[in-house]
Amino acid sequence: MSGSLRDLIERHDVIVCAGSGGVGKTTTAATIALWGAIEGRRTAVLTIDPAKRLADSLGVALTGGSEIAVPPELLREQGIQLSGSLSAMMLDQKGAWDALVERHAPSAEVRERILKNRFYQHLSQSFAGSQEYMAIEELARLRESARYDLIVVDTPPSRHALEFLEAPQRMNDFLDKKIIRWFVKPYVAAGWTTMRFLNRTAGFVLRTLEEATGIAVLAEISDFFGGMSTMFDGFNERIERVSRVLRSPKTAFVLVSSPEEEVLEEAEYLSDKMAALGMPLRAVVFNRVHEEFNRPIDRTDFPRGEIRGDDAERVAVCLERAGIEPRELAVRLARNFVAYQDLARGDCLRLEQFSSSLPRQVPIVRVPNFSADLHDLGSLQRMHPYLFGKS
Amino acid sequence: MRDQTVLDRRLLFVVGKGGVGKSTVSLALALAALERRKRVLLVALDLADRARPIGGLKQAAGPEPIEVLPGLFRQNVDGRAALEEYLQLIVPVRRVLRAIFESKVYQYFVAAAPGLKELMAIGKIWYEVDRGRWDLVIVDSPATGHALQYLRMPKAAYEAFSTGLVHREAKRVWDLLTDPAATAVSVVTTAEELPVNETISICRQIGDDLRLPEGWLFVNRFHSPDFSATELERAAGLVRKTASAFERSLTKAVLGASEEESSWASLNETCRARLATETGWRLALLPFLFREEFGFADIEELSSILAAALSAHGGGRRPEVAR
């Protein structure tokens with residue numbers, strides 16, 4: 001069958017897990033990677049979440065910046081056998097930017113100055129999309145290294161993965177060659193007295209802003225671009241190359257979601273936008289789904305043929321007949337059960353509605369609501385039957 | 001006279017990890033304040049992060065406050081818009097402004113002037129508190145990292161610029177944020193391992209690094225079943241082999257749901273204890289609500305639970321005065 005998550009992962013080299021924060025994206029990415037490694041792929045999982053969740057999940061201390069093989073004794077402890085291999089990497093955004101500066105700064109003195117430069121600090125730490133951009137750079141680097149044949153990426157917890165998809169373009173727009181060239185000219189560093197030689201609008205804008213706010217920025221900006229001029233040679237081409245990995249036919253986007261209303265709303269928005277960008281979703285994983293009672297229901301006990309929120313008494317009667325006593329305990333347990341059925345019914349309705357808006361060939365898997373956080377290899381493996389069926 | 005609670009301050013920040021229910025708790029706090037006949041402004045800070053309507057209340061679309069319930073107003077504040085608004089005040093020539101906003105160099109300016117956007121957004125909130133139109137301003141903040149950036153900015157800015165306009169603005173804002181009679185920062189979390197790790201670090205940053213006045217730690221979606229693990233274990237041993245297939249399958253499902261609830265409860269309790277010892281903050285537990293659909297009535301229910309928790313402790317221990 002063409003519509004399974006298993007097939008999808010077999011056919012692709014890069015799996016990008018997208019979705020809102022707090023829906024189990026990191027866990028899902030690690031679970032998929034573990035499965036790939038068990039099935040014989042040389043697998044790497046790249047995580048970006050500053051909460052270092054993947055480190056928890058994989059039992060490795062990720063310091064950031066390079067891939068670390070998951071320790072074999074951890075796998076042995078959990079009785080897991082890999083036919084392939086499994087490495088994990090935590091993106092260190094700041095470190096990745098600093099490494100760029102390291103490579104391109106002409107001298108130690110310039111390097112130190114750039115690292116302290118306010119413009120640089122913004123670009124490397126808080127510019128919207130810079131974290132996402134570095135993630136894609138790392139992804140491209142891992143892919144070009146040819147050391148892995150499956151790379152699973154956990155996207156940053158931005159509002160929607162669009163930020164991730166648009167990051168290269170955004171970076172490209174921001175680091176505009178024409179403007180950079182202007183800042184790099186030696187007379188800019190000389191200050192405003194040489195203004196008449198410069199691009200009029202740009203100079204005027206900066207001067208007005210500096211005067212209005214009392215914040216001097218010209219020196220900072222020109223020092224950054226001047227000191228790093230070699231980095232920007234060919235930078236736009238590099239961004240272009242990096243962004244190609246996202247559009248590759250061997251890359252698949254998997255949406256991770258939970259059945260809550262607001263999360264599904266975001267997921268729907270994301271799904272539409274991604275289709276419009278030509279990077280459609282290839283699969284959906286719903287985590288934390290409550291399951292409805294799906295066995296045949298005895299109509300003599302439940303005339304409506306279903307168990308609803310007001311059926312606690314009827315459930316308690318059945319429990320008593322099955323031997324649960326005292327009655328008062330049976331009632332308490334029954335009340336909890338019908339409460340869970342309410343959740344399950346809500347989840348089911350919302351998921352069906354969401355799924356009906358997706359193209360038919362997109363595989364959808366539901367992972368039940370595990371009552372404990374999943375954070376070791378053994379519990380990740382227990383998710384495999386839900387994602388990939390019985391092996 | 002009623003006891004003083006955190007609702008009697010003038011500015012409440014609600015921060016926390018993504019997906020733990022910040023918007024729900026912010027709205028519940030707002031409803032509790034309404035109940036006390038206060039005029040409340042609920043600010044969504046940097047909505048671009050996560051635009052979602054909540055509890056059937058329409059999101060205020062623009063930067064101006066909109067009355068969504070009698071006495072409750074909503075407003076969106078975002079850094080970029082706040083900075084532009086501010087520049088409009090100081091660069092009054094419209095043509096010049098347009099040239100500025102359209103220029104790519106404007107983005108460079110924003111990038112090279114650290115935290116100016118964040119400062120202006122907080123400045124706008126300061127203005128709302130200062131102009132006296134509201135008894136209480138509640139700020140529903142973006143996810144952790146970004147929220148702390150907002151809270152940190154005024155101090156960073158007045159330290160970075162020792163004189164001038166930005167220094168004065170930043171100082172004013174920081175004085176408000178650190179005034180324990182006016183402001184409190186509350187944190188929302190769920191009692192699960194990973195959110196708790198992040199929450200402990202947030203509380204540390206708010207209390208120890210930024211020295212902002214602590215509010216409450218709201219522990220959301222807390223499971224507390226009315227049966228114990230021991231009762232459950234005993235019940236499981238009682239199931240008769242003679243019961244019908246339906247009775248047995250139903251009993252199995254009931255026991256399954258009970259076990260699920262019981263293990264959530266034990267996880268939640270472990271996390272609660274950890275939060276209590278490692279943060280030292282006042283905790284308010286908000287129950288997990290079993291609903292087919294979560295709606296406004298449910299937020300009202302949480303609101304009254306929350307109001308009771310706040311009053312039970314009164315003003316609690318006095319927050320430390322920031323230096």
# chains A, B, ... in the order shown; residues from 1 in each chain; ligands from 1
$ residues_around --residues "Glu10 of chain A" --least-positions-apart "3" --cutoff "9 Å" --atoms "only C-alpha atoms" --output "number ranges by chain"
A: 5-7, 13, 36, 150
$ residues_around --residues "Tyr127 of chain B" --least-positions-apart "2" --cutoff "12 Å" --atoms "only C-alpha atoms" --output "PyMOL selection string"
chain B and resi 11+77+82+86+120-125+129-134+137+169+172-173+176
$ atom_distance --atom1 "atom CA of Asp98 of chain A" --atom2 "atom CA of Leu115 of chain A"
7.3 Å
$ interface_residues --of "chain B" --to "chain A" --cutoff "6 Å" --atoms "only C-alpha atoms" --output "compact mmCIF listing (two decimals) with C-alpha atoms, in the first residue's frame"
# COMPACT_ATOMS: atom_id res chain seq x y z
CA GLY B 18 4.42 27.04 24.64
CA GLY B 19 1.24 24.96 24.85
CA ASP B 49 3.86 33.95 17.64
CA ARG B 50 0.51 32.27 18.12
CA ILE B 100 12.14 55.14 6.59
CA VAL B 105 18.19 50.09 6.13
CA ALA B 111 18.82 44.96 14.20
CA ALA B 112 21.66 47.14 15.46
CA ALA B 235 -10.48 -3.83 42.06
CA LEU B 238 -11.97 -8.84 41.73
CA VAL B 239 -13.07 -9.30 38.11
CA ARG B 240 -15.12 -12.52 37.81
CA ALA B 243 -18.90 -12.15 33.73
CA GLU B 247 -18.93 -6.88 30.99
CA THR B 251 -14.45 -3.52 32.89
CA VAL B 254 -12.75 1.14 32.76
CA ALA B 257 -8.88 4.54 31.99
CA GLU B 260 -4.26 6.11 32.99
CA TRP B 264 -1.21 10.96 35.39
CA PHE B 290 -12.70 16.44 31.04
CA ARG B 291 -14.63 18.01 28.22
CA GLU B 292 -15.64 16.97 24.77
$ residues_around --residues "Leu34 of chain A" --least-positions-apart "5" --cutoff "10 Å" --atoms "only C-alpha atoms" --output "CSV table (one decimal) with N, CA, C and O atoms, in the first residue's frame"
chain,number,residue,atom,x,y,z
A,28,THR,N,8.5,12.6,18.6
A,28,THR,CA,8.2,12.0,17.3
A,28,THR,C,9.4,11.9,16.4
A,28,THR,O,9.6,10.8,15.8
A,29,ALA,N,10.2,12.9,16.3
A,29,ALA,CA,11.4,12.9,15.5
A,29,ALA,C,12.3,11.8,15.9
A,29,ALA,O,12.9,11.1,15.2
A,39,GLU,N,15.9,-0.3,11.3
A,39,GLU,CA,15.6,-0.9,10.0
A,39,GLU,C,16.9,-0.9,9.1
A,39,GLU,O,16.8,-1.2,7.9
A,41,ARG,N,19.1,1.9,8.4
A,41,ARG,CA,19.6,3.2,7.8
A,41,ARG,C,20.6,3.8,8.7
A,41,ARG,O,20.6,3.7,10.0
A,43,THR,N,21.4,6.8,10.4
A,43,THR,CA,20.4,7.8,10.8
A,43,THR,C,21.0,8.9,11.7
A,43,THR,O,21.7,8.6,12.6
A,44,ALA,N,20.6,10.1,11.4
A,44,ALA,CA,20.9,11.2,12.3
A,44,ALA,C,19.6,11.9,12.7
A,44,ALA,O,18.8,12.1,11.8
A,45,VAL,N,19.5,12.4,13.9
A,45,VAL,CA,18.3,13.2,14.2
A,45,VAL,C,18.9,14.6,14.7
A,45,VAL,O,19.8,14.6,15.5
A,58,LEU,N,17.1,10.7,24.2
A,58,LEU,CA,18.1,9.7,23.7
A,58,LEU,C,19.1,9.4,24.7
A,58,LEU,O,20.0,8.6,24.5
A,80,ILE,N,17.6,-3.0,22.5
A,80,ILE,CA,17.4,-2.5,21.2
A,80,ILE,C,18.6,-2.9,20.3
A,80,ILE,O,19.7,-2.6,20.7
A,82,LEU,N,20.3,-2.3,16.6
A,82,LEU,CA,20.2,-1.5,15.4
A,82,LEU,C,20.9,-2.3,14.2
A,82,LEU,O,22.0,-2.8,14.4
A,84,GLY,N,21.3,-0.5,11.5
A,84,GLY,CA,22.0,0.7,11.0
A,84,GLY,C,22.7,1.4,12.1
A,84,GLY,O,23.2,0.7,13.0
A,85,SER,N,22.7,2.7,12.1
A,85,SER,CA,23.3,3.5,13.2
A,85,SER,C,22.5,4.7,13.6
A,85,SER,O,21.6,5.1,12.8
A,86,LEU,N,22.7,5.2,14.8
A,86,LEU,CA,21.9,6.3,15.2
A,86,LEU,C,22.8,7.4,15.9
A,86,LEU,O,23.5,7.1,16.8
A,87,SER,N,22.7,8.6,15.3
A,87,SER,CA,23.4,9.7,15.9
A,87,SER,C,22.4,10.8,16.2
A,87,SER,O,21.4,10.9,15.6
A,152,VAL,N,16.5,13.0,10.3
A,152,VAL,CA,15.2,13.5,10.8
A,152,VAL,C,15.4,14.8,11.5
A,152,VAL,O,16.3,14.9,12.4
A,377,LEU,N,14.8,5.5,25.4
A,377,LEU,CA,14.7,4.8,24.1
A,377,LEU,C,13.7,3.7,24.1
A,377,LEU,O,13.0,3.5,23.1
A,380,LEU,N,10.3,5.2,23.5
A,380,LEU,CA,10.2,5.6,22.1
A,380,LEU,C,9.9,4.4,21.2
A,380,LEU,O,9.1,4.5,20.3
A,381,GLN,N,10.6,3.3,21.5
A,381,GLN,CA,10.3,2.1,20.7
A,381,GLN,C,8.9,1.6,20.9
A,381,GLN,O,8.3,1.1,19.9
A,384,HIS,N,6.5,2.6,18.2
A,384,HIS,CA,6.7,2.2,16.8
A,384,HIS,C,5.5,1.5,16.3
A,384,HIS,O,5.1,1.8,15.1
$ atom_distance --atom1 "atom CA of Trp216 of chain B" --atom2 "atom CA of Trp281 of chain B"
6.5 Å
$ select_by_dssp --residues "segment 195-389 of chain A" --states "strand (DSSP E or B)" --output "list of chain:residue names"
A:Thr251, A:Ala252, A:Phe253, A:Val254, A:Leu255, A:Val256, A:Ser257, A:Leu281, A:Arg282, A:Ala283, A:Val284, A:Val285, A:Phe286, A:Asn287, A:Arg288, A:Val289, A:Ile364, A:Val365, A:Arg366, A:Val367, A:Pro368
$ residues_around --residues "Asn220 of chain B" --least-positions-apart "4" --cutoff "8 Å" --atoms "only C-alpha atoms" --output "PyMOL selection string"
chain B and resi 20-21+188-191+285-288
$ select_by_dssp --residues "segment 202-275 of chain B" --states "alpha helix (DSSP H)" --output "ChimeraX atom specification"
/B:202-204,229-236,245-275
$ closest_residue --among "B:Leu151, B:Val187, B:Val196, B:Ala308" --to "Glu278 of chain B" --atoms "only C-alpha atoms"
B:Val196
$ atom_distance --atom1 "atom CA of Pro225 of chain B" --atom2 "atom CA of Ser186 of chain B"
26.5 Å
$ residues_around --residues "Ala265 of chain B" --least-positions-apart "5" --cutoff "8 Å" --atoms "only C-alpha atoms" --output "list in words"
Phe222, His223, Ser224 and Pro225 of chain B
$ write_last_selection --atoms "C-alpha atoms" --output "PDB file, in the first residue's frame"
ATOM      1  CA  PHE B 222      -3.670  18.791  37.164  1.00  0.00           C
ATOM      2  CA  HIS B 223      -5.143  15.312  37.570  1.00  0.00           C
ATOM      3  CA  SER B 224      -6.476  14.369  41.009  1.00  0.00           C
ATOM      4  CA  PRO B 225      -8.710  11.293  40.799  1.00  0.00           C
TER       5      PRO B 225
END
$ closest_residue --among "A:Phe354, A:Phe302, A:Trp35, A:Tyr133" --to "Leu387 of chain A" --atoms "only C-alpha atoms"
A:Trp35
$ residues_around --residues "Asp46 of chain B" --least-positions-apart "4" --cutoff "8 Å" --atoms "only C-alpha atoms" --output "ChimeraX atom specification"
/B:76-79,141-142
$ residues_around --residues "Asp135 of chain B" --least-positions-apart "6" --cutoff "7 Å" --atoms "only C-alpha atoms" --output "NGL selection string"
:B and (10 or 38-40)
$ decode --residues "segment 73-88 of chain B" --atoms "N, CA and C atoms" --output "mmCIF file, in the first residue's frame"
data_model
loop_
_atom_site.group_PDB
_atom_site.id
_atom_site.type_symbol
_atom_site.label_atom_id
_atom_site.label_comp_id
_atom_site.auth_asym_id
_atom_site.auth_seq_id
_atom_site.Cartn_x
_atom_site.Cartn_y
_atom_site.Cartn_z
ATOM 1 N N PHE B 73 -11.347 44.432 28.218
ATOM 2 C CA PHE B 73 -10.861 44.892 26.920
ATOM 3 C C PHE B 73 -9.694 44.021 26.470
ATOM 4 N N ARG B 74 -9.571 43.855 25.175
ATOM 5 C CA ARG B 74 -8.430 43.108 24.651
ATOM 6 C C ARG B 74 -7.660 43.974 23.661
ATOM 7 N N GLN B 75 -6.371 43.747 23.614
ATOM 8 C CA GLN B 75 -5.519 44.545 22.738
ATOM 9 C C GLN B 75 -4.308 43.713 22.320
ATOM 10 N N ASN B 76 -3.865 43.903 21.104
ATOM 11 C CA ASN B 76 -2.626 43.253 20.666
ATOM 12 C C ASN B 76 -1.500 44.267 20.697
ATOM 13 N N VAL B 77 -0.380 43.876 21.239
ATOM 14 C CA VAL B 77 0.795 44.741 21.204
ATOM 15 C C VAL B 77 1.918 43.946 20.570
ATOM 16 N N ASP B 78 2.518 44.479 19.507
ATOM 17 C CA ASP B 78 3.715 43.798 19.019
ATOM 18 C C ASP B 78 4.838 44.788 18.797
ATOM 19 N N GLY B 79 6.040 44.299 18.911
ATOM 20 C CA GLY B 79 7.225 45.146 18.962
ATOM 21 C C GLY B 79 7.386 46.038 17.752
ATOM 22 N N ARG B 80 7.225 45.452 16.586
ATOM 23 C CA ARG B 80 7.463 46.215 15.365
ATOM 24 C C ARG B 80 6.487 47.393 15.262
ATOM 25 N N ALA B 81 5.197 47.092 15.502
ATOM 26 C CA ALA B 81 4.188 48.144 15.415
ATOM 27 C C ALA B 81 4.440 49.211 16.480
ATOM 28 N N ALA B 82 4.825 48.779 17.681
ATOM 29 C CA ALA B 82 5.061 49.736 18.758
ATOM 30 C C ALA B 82 6.216 50.667 18.417
ATOM 31 N N LEU B 83 7.261 50.110 17.804
ATOM 32 C CA LEU B 83 8.406 50.935 17.417
ATOM 33 C C LEU B 83 7.991 51.942 16.348
ATOM 34 N N GLU B 84 7.196 51.479 15.390
ATOM 35 C CA GLU B 84 6.763 52.396 14.334
ATOM 36 C C GLU B 84 5.892 53.510 14.897
ATOM 37 N N GLU B 85 5.033 53.128 15.826
ATOM 38 C CA GLU B 85 4.175 54.115 16.458
ATOM 39 C C GLU B 85 5.013 55.167 17.187
ATOM 40 N N TYR B 86 6.034 54.683 17.871
ATOM 41 C CA TYR B 86 6.910 55.569 18.615
ATOM 42 C C TYR B 86 7.643 56.517 17.674
ATOM 43 N N LEU B 87 8.132 55.964 16.565
ATOM 44 C CA LEU B 87 8.859 56.814 15.619
ATOM 45 C C LEU B 87 7.937 57.865 15.015
ATOM 46 N N GLN B 88 6.672 57.505 14.876
ATOM 47 C CA GLN B 88 5.721 58.489 14.363
ATOM 48 C C GLN B 88 5.619 59.699 15.283
#
